[in-house]
Structures are given as C-alpha cells and as structure tokens.
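J.: Enclosed is the structure file run-v7.cif (mmCIF, C-alpha atoms and all ligand atoms).
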data_my_file
#
loop_
_atom_site.group_PDB
_atom_site.id
_atom_site.type_symbol
_atom_site.label_atom_id
_atom_site.label_comp_id
_atom_site.auth_asym_id
_atom_site.auth_seq_id
_atom_site.Cartn_x
_atom_site.Cartn_y
_atom_site.Cartn_z
ATOM 1 C CA MET I 85 11.578 11.229 -23.363
ATOM 2 C CA SER I 86 12.315 8.263 -21.114
ATOM 3 C CA LEU I 87 11.195 8.330 -17.495
ATOM 4 C CA VAL I 88 13.617 8.381 -14.591
ATOM 5 C CA THR I 89 12.599 5.681 -12.102
ATOM 6 C CA ILE I 90 12.908 6.484 -8.390
ATOM 7 C CA TYR I 91 12.909 3.905 -5.594
ATOM 8 C CA PRO I 92 12.815 4.181 -1.808
ATOM 9 C CA ASP I 93 16.176 2.925 -0.539
ATOM 10 C CA PHE I 94 14.604 -0.162 1.084
ATOM 11 C CA TYR I 95 12.972 -1.308 -2.166
ATOM 12 C CA LYS I 96 15.913 -3.563 -3.008
ATOM 13 C CA ASP I 97 15.431 -5.406 0.288
ATOM 14 C CA PHE I 98 11.884 -6.482 -0.475
ATOM 15 C CA GLN I 99 11.323 -10.197 -0.497
ATOM 16 C CA CYS I 100 7.954 -11.850 0.020
ATOM 17 C CA LYS I 101 7.731 -13.648 3.385
ATOM 18 C CA ALA I 102 5.748 -16.465 1.712
ATOM 19 C CA ASP I 103 4.838 -19.077 4.343
ATOM 20 C CA LYS I 104 6.100 -16.755 7.135
ATOM 21 C CA CYS I 105 3.490 -14.101 6.265
ATOM 22 C CA GLN I 106 0.671 -13.654 8.797
ATOM 23 C CA HIS I 107 -1.528 -11.643 6.428
ATOM 24 C CA THR I 108 -1.119 -13.185 3.024
ATOM 25 C CA CYS I 109 -2.074 -11.072 0.040
ATOM 26 C CA CYS I 110 -3.323 -14.263 -1.668
ATOM 27 C CA ALA I 111 -6.675 -13.955 0.126
ATOM 28 C CA GLY I 112 -9.291 -11.274 0.536
ATOM 29 C CA TRP I 113 -9.078 -9.754 -2.943
ATOM 30 C CA GLU I 114 -10.355 -10.505 -6.416
ATOM 31 C CA ILE I 115 -7.305 -11.363 -8.531
ATOM 32 C CA ASP I 116 -7.633 -10.167 -12.113
ATOM 33 C CA ILE I 117 -5.539 -12.095 -14.603
ATOM 34 C CA ASP I 118 -3.969 -9.936 -17.297
ATOM 35 C CA GLU I 119 -4.922 -10.713 -20.888
ATOM 36 C CA LYS I 120 -1.537 -12.124 -21.909
ATOM 37 C CA THR I 121 -1.362 -14.546 -18.977
ATOM 38 C CA ALA I 122 -5.031 -15.528 -19.386
ATOM 39 C CA GLY I 123 -4.231 -16.456 -23.002
ATOM 40 C CA LYS I 124 -1.246 -18.497 -21.835
ATOM 41 C CA TYR I 125 -3.382 -20.315 -19.254
ATOM 42 C CA GLN I 126 -5.962 -21.194 -21.934
ATOM 43 C CA THR I 127 -3.394 -23.082 -23.963
ATOM 44 C CA LEU I 128 -1.078 -24.415 -21.252
ATOM 45 C CA PRO I 129 -0.764 -28.178 -21.868
ATOM 46 C CA GLY I 130 -0.738 -30.946 -19.280
ATOM 47 C CA ALA I 131 -2.233 -31.454 -15.838
ATOM 48 C CA LEU I 132 -1.183 -28.013 -14.590
ATOM 49 C CA GLY I 133 -2.964 -26.331 -17.513
ATOM 50 C CA ASP I 134 -6.120 -28.349 -16.775
ATOM 51 C CA THR I 135 -5.985 -27.456 -13.078
ATOM 52 C CA ILE I 136 -5.536 -23.756 -13.809
ATOM 53 C CA ARG I 137 -8.446 -23.718 -16.274
ATOM 54 C CA GLU I 138 -10.685 -25.395 -13.674
ATOM 55 C CA ASN I 139 -9.806 -22.635 -11.223
ATOM 56 C CA ILE I 140 -10.310 -19.470 -13.250
ATOM 57 C CA ILE I 141 -13.574 -17.786 -14.197
ATOM 58 C CA ALA I 142 -14.578 -15.097 -16.665
ATOM 59 C CA VAL I 143 -16.001 -12.033 -14.919
ATOM 60 C CA ALA I 144 -17.321 -9.396 -17.325
ATOM 61 C CA ASP I 145 -14.473 -9.098 -19.851
ATOM 62 C CA THR I 146 -11.653 -10.308 -17.640
ATOM 63 C CA TRP I 147 -10.435 -13.580 -16.095
ATOM 64 C CA GLN I 148 -10.036 -14.077 -12.363
ATOM 65 C CA PHE I 149 -9.010 -16.900 -10.077
ATOM 66 C CA ARG I 150 -12.018 -18.756 -8.659
ATOM 67 C CA LEU I 151 -11.723 -17.801 -5.002
ATOM 68 C CA ARG I 152 -12.402 -20.330 -2.267
ATOM 69 C CA GLY I 153 -13.665 -19.817 1.301
ATOM 70 C CA GLU I 154 -12.541 -16.568 2.948
ATOM 71 C CA ASN I 155 -11.755 -15.393 -0.582
ATOM 72 C CA ARG I 156 -8.563 -17.414 -0.716
ATOM 73 C CA CYS I 157 -6.793 -17.945 -4.011
ATOM 74 C CA PRO I 158 -7.372 -21.578 -5.077
ATOM 75 C CA PHE I 159 -3.609 -21.990 -5.402
ATOM 76 C CA LEU I 160 -2.781 -20.737 -1.904
ATOM 77 C CA ARG I 161 -1.720 -23.829 0.001
ATOM 78 C CA GLY I 162 -2.379 -24.475 3.665
ATOM 79 C CA ASP I 163 1.283 -23.824 4.440
ATOM 80 C CA GLY I 164 1.087 -20.334 2.870
ATOM 81 C CA LEU I 165 3.033 -21.220 -0.262
ATOM 82 C CA CYS I 166 1.809 -20.825 -3.848
ATOM 83 C CA GLU I 167 0.908 -24.085 -5.591
ATOM 84 C CA LEU I 168 1.607 -22.581 -9.023
ATOM 85 C CA ILE I 169 5.164 -21.627 -8.084
ATOM 86 C CA ARG I 170 5.705 -25.019 -6.483
ATOM 87 C CA ARG I 171 4.557 -26.849 -9.619
ATOM 88 C CA ALA I 172 6.150 -24.516 -12.166
ATOM 89 C CA ASP I 173 8.128 -21.346 -11.367
ATOM 90 C CA GLU I 174 7.457 -17.624 -11.008
ATOM 91 C CA SER I 175 7.049 -17.191 -14.760
ATOM 92 C CA ILE I 176 3.670 -18.938 -14.434
ATOM 93 C CA LEU I 177 2.266 -16.023 -12.420
ATOM 94 C CA CYS I 178 -0.052 -13.350 -13.806
ATOM 95 C CA ASP I 179 1.129 -9.727 -13.632
ATOM 96 C CA ILE I 180 -0.666 -8.900 -10.372
ATOM 97 C CA CYS I 181 0.798 -11.897 -8.542
ATOM 98 C CA ALA I 182 4.270 -11.314 -9.997
ATOM 99 C CA ASN I 183 4.357 -7.604 -9.140
ATOM 100 C CA HIS I 184 2.390 -7.220 -5.914
ATOM 101 C CA PRO I 185 3.027 -5.257 -3.706
ATOM 102 C CA ARG I 186 5.248 -3.182 -5.986
ATOM 103 C CA PHE I 187 3.785 -0.006 -7.467
ATOM 104 C CA PHE I 188 4.926 2.273 -10.253
ATOM 105 C CA VAL I 189 3.257 5.644 -10.723
ATOM 106 C CA THR I 190 4.160 8.318 -13.222
ATOM 107 C CA VAL I 191 4.589 11.925 -12.157
ATOM 108 C CA SER I 192 5.872 14.296 -14.816
ATOM 109 C CA ASP I 193 9.173 12.827 -16.127
ATOM 110 C CA TYR I 194 9.519 10.445 -13.188
ATOM 111 C CA GLU I 195 8.305 6.955 -12.469
ATOM 112 C CA LEU I 196 7.917 6.589 -8.705
ATOM 113 C CA ALA I 197 8.328 2.996 -7.570
ATOM 114 C CA GLY I 198 7.782 1.416 -4.190
ATOM 115 C CA VAL I 199 6.056 -1.322 -2.272
ATOM 116 C CA GLY I 200 2.510 -0.948 -0.971
ATOM 117 C CA LEU I 201 1.966 -1.004 2.767
ATOM 118 C CA SER I 202 -0.820 -3.589 2.833
ATOM 119 C CA CYS I 203 2.073 -6.074 2.781
ATOM 120 C CA GLU I 204 3.585 -6.781 6.184
ATOM 121 C CA LYS I 205 7.086 -7.071 4.737
ATOM 122 C CA SER I 206 6.757 -3.555 3.287
ATOM 123 C CA CYS I 207 5.730 -2.234 6.717
ATOM 124 C CA GLU I 208 8.696 -3.969 8.331
ATOM 125 C CA LEU I 209 11.074 -2.382 5.827
ATOM 126 C CA LEU I 210 9.574 1.088 6.279
ATOM 127 C CA LEU I 211 9.789 0.822 10.076
ATOM 128 C CA ALA I 212 13.267 -0.714 10.118
ATOM 129 C CA ASP I 213 14.761 2.792 10.148
ATOM 130 C CA THR I 214 13.764 6.100 11.709
ATOM 131 C CA ALA I 215 15.797 8.243 9.312
ATOM 132 C CA PRO I 216 14.021 10.472 6.782
ATOM 133 C CA LEU I 217 12.866 8.639 3.661
ATOM 134 C CA ALA I 218 15.821 8.229 1.309
ATOM 135 C CA LEU I 219 15.353 7.723 -2.424
ATOM 136 C CA LEU I 220 17.538 6.359 -5.183
ATOM 137 C CA THR I 221 17.436 6.735 -8.927
ATOM 138 C CA GLU I 222 17.744 3.644 -11.095
ATOM 139 C CA LYS I 223 21.441 4.561 -11.511
ATOM 140 C CA GLY I 224 21.889 4.469 -7.753
ATOM 141 C CA GLU I 225 22.104 8.261 -7.285
ATOM 142 C CA GLN I 226 20.776 9.371 -3.914
ATOM 143 C CA LEU I 227 17.902 11.803 -3.710
ATOM 144 C CA THR I 228 15.964 13.293 -0.825
ATOM 145 C CA LEU I 229 12.205 13.699 -0.923
ATOM 146 C CA LYS I 230 12.748 17.464 -0.938
ATOM 147 C CA GLY I 231 15.133 17.092 -3.870
ATOM 148 C CA LEU I 232 12.547 15.071 -5.778
ATOM 149 C CA LEU I 233 9.868 17.669 -5.095
ATOM 150 C CA GLN I 234 12.209 20.381 -6.350
ATOM 151 C CA GLN I 235 12.772 18.396 -9.549
ATOM 152 C CA LEU I 236 9.003 18.162 -9.890
ATOM 153 C CA VAL I 237 8.737 21.939 -9.349
ATOM 154 C CA LEU I 238 6.535 21.419 -6.307
ATOM 155 C CA PRO I 239 7.362 24.101 -3.727
ATOM 156 C CA VAL I 240 7.402 22.769 -0.164
ATOM 157 C CA SER I 241 8.799 24.016 3.122
ATOM 158 C CA ASP I 242 10.794 21.834 5.523
ATOM 159 C CA GLU I 243 7.667 21.793 7.700
ATOM 160 C CA ASP I 244 5.653 20.321 4.806
ATOM 161 C CA LEU I 245 8.031 17.356 4.795
ATOM 162 C CA CYS I 246 7.482 16.440 8.430
ATOM 163 C CA TYR I 247 4.545 14.961 10.257
ATOM 164 C CA GLN I 248 2.838 17.700 12.283
ATOM 165 C CA THR I 249 2.501 16.447 15.834
ATOM 166 C CA GLY I 250 0.217 17.878 18.504
ATOM 167 C CA LEU I 251 -2.992 16.172 17.411
ATOM 168 C CA THR I 252 -5.891 17.630 19.419
ATOM 169 C CA THR I 253 -9.225 15.999 20.234
ATOM 170 C CA GLU I 254 -10.845 18.220 17.580
ATOM 171 C CA ASP I 255 -8.231 17.182 14.991
ATOM 172 C CA ALA I 256 -8.825 13.528 15.837
ATOM 173 C CA ALA I 257 -12.583 13.989 15.423
ATOM 174 C CA PHE I 258 -11.982 15.498 11.965
ATOM 175 C CA VAL I 259 -9.719 12.586 10.979
ATOM 176 C CA LEU I 260 -12.216 9.984 12.148
ATOM 177 C CA ASP I 261 -15.085 11.823 10.506
ATOM 178 C CA CYS I 262 -13.225 11.729 7.159
ATOM 179 C CA MET I 263 -12.402 8.026 7.602
ATOM 180 C CA GLN I 264 -15.998 7.250 8.439
ATOM 181 C CA LYS I 265 -17.020 8.470 4.982
ATOM 182 C CA THR I 266 -14.806 5.895 3.267
ATOM 183 C CA GLU I 267 -16.182 2.563 2.068
ATOM 184 C CA PRO I 268 -15.251 -0.004 4.744
ATOM 185 C CA ILE I 269 -13.107 -2.914 3.647
ATOM 186 C CA ASP I 270 -14.639 -5.197 6.285
ATOM 187 C CA ALA I 271 -16.563 -5.251 9.566
ATOM 188 C CA ALA I 272 -13.344 -5.226 11.605
ATOM 189 C CA TRP I 273 -12.400 -1.853 10.135
ATOM 190 C CA THR I 274 -15.789 -0.377 11.079
ATOM 191 C CA SER I 275 -15.548 -1.821 14.555
ATOM 192 C CA GLN I 276 -12.063 -0.403 15.154
ATOM 193 C CA LEU I 277 -13.092 2.981 13.797
ATOM 194 C CA ALA I 278 -15.892 3.101 16.383
ATOM 195 C CA GLN I 279 -13.389 2.350 19.169
ATOM 196 C CA LEU I 280 -11.022 5.080 18.010
ATOM 197 C CA TRP I 281 -13.498 7.777 19.065
ATOM 198 C CA ASP I 282 -12.716 6.852 22.672
ATOM 199 C CA VAL I 283 -8.926 7.084 22.366
ATOM 200 C CA GLN I 284 -7.576 9.587 24.877
ATOM 201 C CA ILE I 285 -4.844 11.712 23.325
ATOM 202 C CA ALA I 286 -2.083 12.680 25.723
ATOM 203 C CA ALA I 287 -1.552 16.453 25.317
ATOM 204 C CA ASP I 288 2.222 16.138 25.803
ATOM 205 C CA GLY I 289 2.559 12.700 24.201
ATOM 206 C CA GLU I 290 5.911 12.160 22.530
ATOM 207 C CA VAL I 291 5.539 11.097 18.898
ATOM 208 C CA PRO I 292 8.318 8.755 17.709
ATOM 209 C CA GLN I 293 10.593 10.041 14.945
ATOM 210 C CA VAL I 294 9.497 7.228 12.646
ATOM 211 C CA PHE I 295 6.186 9.032 12.081
ATOM 212 C CA ASP I 296 8.040 11.521 9.865
ATOM 213 C CA ARG I 297 9.149 8.600 7.728
ATOM 214 C CA ILE I 298 5.619 7.155 7.558
ATOM 215 C CA TYR I 299 4.261 10.581 6.579
ATOM 216 C CA GLN I 300 6.959 11.019 3.923
ATOM 217 C CA TYR I 301 6.279 7.629 2.365
ATOM 218 C CA ILE I 302 2.531 8.265 2.205
ATOM 219 C CA LEU I 303 3.278 11.650 0.622
ATOM 220 C CA TYR I 304 5.722 10.064 -1.865
ATOM 221 C CA ARG I 305 3.140 7.560 -3.072
ATOM 222 C CA ALA I 306 0.400 10.210 -3.268
ATOM 223 C CA LEU I 307 2.401 12.585 -5.494
ATOM 224 C CA GLU I 308 0.672 11.092 -8.528
ATOM 225 C CA HIS I 309 -2.499 12.874 -7.351
ATOM 226 C CA VAL I 310 -1.014 16.391 -7.378
ATOM 227 C CA PRO I 311 -2.079 17.160 -10.989
ATOM 228 C CA ALA I 312 -5.734 16.300 -10.247
ATOM 229 C CA HIS I 313 -6.074 17.503 -6.654
ATOM 230 C CA GLY I 314 -3.282 20.001 -6.014
ATOM 231 C CA LEU I 315 -0.227 19.873 -3.756
ATOM 232 C CA GLY I 316 -2.114 21.287 -0.750
ATOM 233 C CA ALA I 317 -4.661 18.460 -0.780
ATOM 234 C CA VAL I 318 -1.926 15.834 -1.154
ATOM 235 C CA LEU I 319 0.040 17.255 1.811
ATOM 236 C CA SER I 320 -3.168 17.271 3.893
ATOM 237 C CA TYR I 321 -3.887 13.711 2.746
ATOM 238 C CA ALA I 322 -0.475 12.547 4.028
ATOM 239 C CA GLN I 323 -1.046 14.338 7.332
ATOM 240 C CA LEU I 324 -4.588 12.991 7.777
ATOM 241 C CA ASN I 325 -3.589 9.400 7.077
ATOM 242 C CA THR I 326 -0.554 9.591 9.359
ATOM 243 C CA ASP I 327 -2.830 11.047 12.066
ATOM 244 C CA TYR I 328 -5.115 8.064 11.566
ATOM 245 C CA ILE I 329 -2.211 5.603 11.886
ATOM 246 C CA TYR I 330 -1.073 7.432 15.044
ATOM 247 C CA LEU I 331 -4.559 7.102 16.555
ATOM 248 C CA SER I 332 -4.809 3.453 15.594
ATOM 249 C CA GLU I 333 -1.421 2.741 17.163
ATOM 250 C CA GLN I 334 -2.566 4.476 20.372
ATOM 251 C CA LEU I 335 -5.477 2.017 20.492
ATOM 252 C CA THR I 336 -3.753 -1.190 19.455
ATOM 253 C CA GLY I 337 -0.132 -0.605 20.447
ATOM 254 C CA GLN I 338 0.881 -2.110 17.086
ATOM 255 C CA LEU I 339 2.358 0.375 14.640
ATOM 256 C CA ASP I 340 3.122 -2.066 11.825
ATOM 257 C CA GLU I 341 -0.374 -3.540 11.866
ATOM 258 C CA SER I 342 -1.943 -0.064 12.128
ATOM 259 C CA ILE I 343 -0.139 0.909 8.925
ATOM 260 C CA ARG I 344 -0.989 -2.332 7.152
ATOM 261 C CA ARG I 345 -4.693 -2.121 7.936
ATOM 262 C CA TRP I 346 -4.800 1.559 6.964
ATOM 263 C CA SER I 347 -3.215 0.628 3.649
ATOM 264 C CA GLU I 348 -5.788 -2.087 2.932
ATOM 265 C CA GLN I 349 -8.605 0.354 3.624
ATOM 266 C CA ILE I 350 -7.227 3.485 1.946
ATOM 267 C CA GLU I 351 -4.078 2.983 -0.108
ATOM 268 C CA TYR I 352 -5.508 -0.004 -1.968
ATOM 269 C CA SER I 353 -8.899 1.577 -2.638
ATOM 270 C CA THR I 354 -8.903 4.025 -5.542
ATOM 271 C CA GLU I 355 -12.356 5.224 -4.461
ATOM 272 C CA ASN I 356 -11.326 5.870 -0.860
ATOM 273 C CA VAL I 357 -8.156 7.716 -1.870
ATOM 274 C CA LYS I 358 -10.217 9.924 -4.191
ATOM 275 C CA LEU I 359 -12.862 10.522 -1.553
ATOM 276 C CA LEU I 360 -10.282 11.698 0.997
ATOM 277 C CA LEU I 361 -8.447 13.889 -1.495
ATOM 278 C CA GLU I 362 -11.683 15.518 -2.614
ATOM 279 C CA SER I 363 -12.722 16.206 0.955
ATOM 280 C CA LEU I 364 -9.330 17.877 1.617
ATOM 281 C CA ALA I 365 -9.136 19.990 -1.543
HETATM 282 S S1 LIG W 1 1.540 -9.728 1.960
HETATM 283 FE FE1 LIG W 1 3.691 -9.394 1.313
HETATM 284 S S2 LIG W 1 4.934 -10.844 2.503
HETATM 285 FE FE2 LIG W 1 2.772 -11.512 2.637
HETATM 286 S S3 LIG W 1 2.462 -13.025 0.967
HETATM 287 FE FE3 LIG W 1 1.892 -11.005 0.121
HETATM 288 S S4 LIG W 1 3.782 -10.145 -0.806
HETATM 289 FE FE4 LIG W 1 4.387 -11.851 0.558
#
Write out the structure in this file as structure tokens.
T.:
Amino acid sequence: MSLVTIYPDFYKDFQCKADKCQHTCCAGWEIDIDEKTAGKYQTLPGALGDTIRENIIAVADTWQFRLRGENRCPFLRGDGLCELIRRADESILCDICANHPRFFVTVSDYELAGVGLSCEKSCELLLADTAPLALLTEKGEQLTLKGLLQQLVLPVSDEDLCYQTGLTTEDAAFVLDCMQKTEPIDAAWTSQLAQLWDVQIAADGEVPQVFDRIYQYILYRALEHVPAHGLGAVLSYAQLNTDYIYLSEQLTGQLDESIRRWSEQIEYSTENVKLLLESLA
C-alpha cells in the first residue's frame, strides 16, 4: 500500500535563504555523505573531483566533509554560499545537503513531511501566520491536524490540540528540570538554561495565539513517536517544549530564535527527544 504524504501548508514556500541566512546549517554539524554520493565523489573527474576528495574523510564506515574551524563545511564560502553549487549545480549535493531541513516520517499509512525548525526560514514560515496549522495532502486536499489524527485513529479532544496556557512557577521548574537532563548542544544553551530559572512569569500574562500553532507543529512532527511512547507522552512532549519556547521568549524577547535554538537542542537530537519522551511517559 502506498503512503499518503502530508505537508504543512507553508512547505511549498520553503526556500533556503543562502547568503541571507544568519545561522547557516552548513556549520556546527557533522555532515554524513550518503553512500551513493560518496561513490560519485570518488570517481568525479577534473579539478572539482580532486577538491572534493581532498575535503572528505572516512569516519568509521561513512564519509563526511572535513570540517574547518567552528565546524564549518569546507565548501561554505565566506559570503554564505555553497562552493559546490557555485561550481556545479544542486545535483552535486549529498542527500543531507539536498534535503535539509526537510523531514519525512512515516506514521501508519501516512508520510508526514515538513521542514525542521533549526532553520531560520522554517521558523519564519511557521510564524508568518497565527492560524491553526493547516495541512495538505500531496493531491492538494486540505486537512486539519484533528482530521489527520482521526485518520490515524488517535483520539484527541479540542483541548489536546491547543497549547495550555497558565504556566505556573512550579510548571516552569518542571520544564527546566526536564531540559536540564538533556545533553547540551553547546555552552550557550547551558548558560541560557541557567538564566531561565530567574524568569518571572506574569500570572495574567497574555499568550499570543501563535503558540497554538507552534504547539501543533511540534505535535505534528512528534506523531512518529506515538507507537513507541504513546499518545499521552507525545501530547505532553509538545506541551513541555512549547512551554520551554515560551519561557525562552520571555527571557530573550525573540520568538523565532527561541524556537530555532530549541530545535537545535531537542528536535535535532534523537537522544534528547527520546529522553524527554521517556521522562513524560
Ligand atoms: S538554515 Fe535554512 S535558510 Fe539557513 S542555510 Fe540552512 S537551509 Fe538555508
């Protein structure tokens, strides 16, 4: 049986910001090269082939780009553009570089697609609207998140599909305690986490409508974990992470960057996602 692919409605608007990006995804990560592309690089003729081979290394049983200072991809130019694309075209890219930040996860008979929030363009697209998350099938049919959950036979109430506001000091302490158990991505994360303990939560603070949308998108992406961890844990996971983003935004005043940094720390760490889900089960 073929899978039905679902997209958030803003997926079609994704376009990498390239040299306009302040937080390039071409630095800070190890970049694994898929087997097919690694084979192509090994036999690519000419000066470009030679340059690529000088800039990749074998790590265990996979190939990676040989990162430079600050873990920058060797082909990331000073102006933020990709040297490989400039010298060839996008077909030269390995799978990770060609697909990032797109994700595709399988849940039952559905393939859920989207763009990961560690990318600032993805955050901009998510925050460009305050309406509830709208989904589309590959044929362009509209679907609500509730409709998708019904198709997946996952019973939820309307309340389950909204971010629960009214975060108390005790709730915030629980959120921060959970986050403190995750493996930090860098020293800046640890430092900000320490500062978040001092955030004063206004008892009657108005929470912008867009937090429902953030919560719904986190829930959408986490649906792949329902079979292993249960729907209750996944709903709590969406709430906990949205609480964290809310707290971070209270500290920094920057919602887009709060989401992006959360994503780097949690969404892009299989271990940290698992750790949170297990602690919420
Ligand atoms: S983080 Fe997003 S916008 Fe920035 S370079 Fe990567 S894909 Fe492009």
J.: So that I can check the surroundings of Arg171 in chain I, please list as a VMD selection string every protein, DNA and RNA residue that reaches within 12 Å of it, counting all atoms listed in the file and ignoring chain neighbours fewer than 3 positions away.
T.: chain I and resid 130 to 133 135 to 136 159 161 165 to 168 174 to 177
J.: Excluding same-chain residues fewer than 5 positions from Gln279 in chain I, what lies within 12 Å of it counting only C-alpha atoms, as a list in words?
T.: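 Selected residues are Leu260, Ala272, Trp273, Thr274, Gln284, Leu331, Ser332, Gln334, Leu335 and Thr336 of chain I.
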J.: Residues within 9 Å of Cys203 in chain I, please, as a PyMOL selection string. Count all atoms listed in the file; anything in the same chain fewer than 2 positions from it doesn't count.
T.: chain I and resi 100+105+107-109+184-185+199-201+205-208+344+347-348
J.: Please provide as a list in words all residues within 12 Å of Glu243 in chain I, with the sequence filter that same-chain residues fewer than 5 positions apart are discarded (counting all atoms listed in the file).
T.: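 Using all atoms listed in the file, the neighbours found are Lys230, Gln248, Thr249, Asp296, Tyr299, Gln300, Leu319 and Gln323 of chain I.
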J.: With all atoms listed in the file as the atoms that count, which of I:Arg186, I:Arg170, I:Lys101, I:Lys124 lies nearest to ligand LIG 1 (chain W)?
T.: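 Checking each of I:Arg186, I:Arg170, I:Lys101, I:Lys124 against ligand LIG 1 (chain W), counting all atoms listed in the file, the winner is I:Lys101.
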J.: Between I:Phe295, I:Tyr321, I:Tyr301, I:Tyr328, which is the closest to Leu361 in chain I once you count all atoms listed in the file?
T.: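 Distance minimum relative to Leu361 in chain I lands on I:Tyr321.
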J.: Counting all atoms listed in the file, I want the residues whose atoms come within 10 Å of (4.9, -2.2, 15.2) in the file frame, returned as an NGL selection string.
T.: :I and (207-208 or 211-212 or 333 or 336-344)
J.: Need to verify the contact set: Leu303 in chain I, 10 Å, only C-alpha atoms, exclusion of same-chain residues closer than 3 positions in sequence. Can you return it as a list in words?
T.: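 Listing them by chain and then by number gives Leu229, Asp244, Leu245, Arg297, Ile298, Tyr299, Gln300, Ala306, Leu307, Glu308, His309, Leu315, Val318, Leu319, Ser320, Tyr321, Ala322, Gln323, Asn325 and Thr326 of chain I.
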J.: Would you save the residues from that selection as a PDB file, in the frame of the given file, using C-alpha atoms?
T.:
ATOM      1  CA  LEU I 229      12.205  13.699  -0.923  1.00  0.00           C
ATOM      2  CA  ASP I 244       5.653  20.321   4.806  1.00  0.00           C
ATOM      3  CA  LEU I 245       8.031  17.356   4.795  1.00  0.00           C
ATOM      4  CA  ARG I 297       9.149   8.600   7.728  1.00  0.00           C
ATOM      5  CA  ILE I 298       5.619   7.155   7.558  1.00  0.00           C
ATOM      6  CA  TYR I 299       4.261  10.581   6.579  1.00  0.00           C
ATOM      7  CA  GLN I 300       6.959  11.019   3.923  1.00  0.00           C
ATOM      8  CA  ALA I 306       0.400  10.210  -3.268  1.00  0.00           C
ATOM      9  CA  LEU I 307       2.401  12.585  -5.494  1.00  0.00           C
ATOM     10  CA  GLU I 308       0.672  11.092  -8.528  1.00  0.00           C
ATOM     11  CA  HIS I 309      -2.499  12.874  -7.351  1.00  0.00           C
ATOM     12  CA  LEU I 315      -0.227  19.873  -3.756  1.00  0.00           C
ATOM     13  CA  VAL I 318      -1.926  15.834  -1.154  1.00  0.00           C
ATOM     14  CA  LEU I 319       0.040  17.255   1.811  1.00  0.00           C
ATOM     15  CA  SER I 320      -3.168  17.271   3.893  1.00  0.00           C
ATOM     16  CA  TYR I 321      -3.887  13.711   2.746  1.00  0.00           C
ATOM     17  CA  ALA I 322      -0.475  12.547   4.028  1.00  0.00           C
ATOM     18  CA  GLN I 323      -1.046  14.338   7.332  1.00  0.00           C
ATOM     19  CA  ASN I 325      -3.589   9.400   7.077  1.00  0.00           C
ATOM     20  CA  THR I 326      -0.554   9.591   9.359  1.00  0.00           C
TER      21      THR I 326
END
J.: Write out as JSON an axis-aligned box for range 179-188 of chain I: all of its atoms listed in the file, 6 Å added on each side, centre and edge lengths in Å with one decimal.
T.:
{"center_x": 2.3, "center_y": -4.8, "center_z": -8.7, "size_x": 17.9, "size_y": 26.2, "size_z": 21.9}
J.: Could you tell me, as an MDAnalysis selection string, exactly which residues end up selected when the PyMOL selection byres (((chain I and resi 267-270) around 12) and not hetatm) is applied to this structure?
T.: chainID I and resid 112:113 262:266 271:277 345:360
J.: Pick from I:Tyr194, I:Tyr330, I:Tyr304, I:Phe94: nearest to Val283 in chain I, with only C-alpha atoms counted?
T.: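 The shortest atom-to-atom distance to Val283 in chain I comes from I:Tyr330.
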J.: Report the distance between CA of Glu195 in chain I and CA of Leu87 in chain I in Å, rounded to one decimal place.
T.: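 About the pair CA of Glu195 in chain I and CA of Leu87 in chain I: they are 6.0 Å apart.
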J.: Give me range 304-316 of chain I with N, CA and C atoms filled in, as a short mmCIF file (atom, residue, chain, number, x, y, z; two decimals), in the coordinates of the input.
T.:
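Final file, selection_18.cif:
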data_model
loop_
_atom_site.label_atom_id
_atom_site.label_comp_id
_atom_site.auth_asym_id
_atom_site.auth_seq_id
_atom_site.Cartn_x
_atom_site.Cartn_y
_atom_site.Cartn_z
N TYR I 304 5.01 10.52 -0.66
CA TYR I 304 5.72 10.06 -1.86
C TYR I 304 4.77 9.31 -2.80
N ARG I 305 4.03 8.36 -2.23
CA ARG I 305 3.14 7.56 -3.07
C ARG I 305 1.99 8.40 -3.62
N ALA I 306 1.57 9.42 -2.86
CA ALA I 306 0.40 10.21 -3.27
C ALA I 306 0.74 11.33 -4.26
N LEU I 307 2.03 11.49 -4.59
CA LEU I 307 2.40 12.58 -5.49
C LEU I 307 1.72 12.47 -6.86
N GLU I 308 1.35 11.26 -7.23
CA GLU I 308 0.67 11.09 -8.53
C GLU I 308 -0.66 11.85 -8.57
N HIS I 309 -1.19 12.21 -7.41
CA HIS I 309 -2.50 12.87 -7.35
C HIS I 309 -2.39 14.40 -7.39
N VAL I 310 -1.16 14.93 -7.38
CA VAL I 310 -1.01 16.39 -7.38
C VAL I 310 -1.67 17.03 -8.61
N PRO I 311 -1.47 16.50 -9.82
CA PRO I 311 -2.08 17.16 -10.99
C PRO I 311 -3.60 17.27 -10.87
N ALA I 312 -4.26 16.27 -10.31
CA ALA I 312 -5.73 16.30 -10.25
C ALA I 312 -6.26 17.04 -9.02
N HIS I 313 -5.52 16.98 -7.92
CA HIS I 313 -6.07 17.50 -6.65
C HIS I 313 -5.28 18.65 -6.05
N GLY I 314 -4.09 18.90 -6.55
CA GLY I 314 -3.28 20.00 -6.01
C GLY I 314 -2.36 19.53 -4.90
N LEU I 315 -1.23 20.25 -4.76
CA LEU I 315 -0.23 19.87 -3.76
C LEU I 315 -0.78 20.02 -2.33
N GLY I 316 -1.58 21.07 -2.10
CA GLY I 316 -2.11 21.29 -0.75
C GLY I 316 -2.95 20.11 -0.28
#
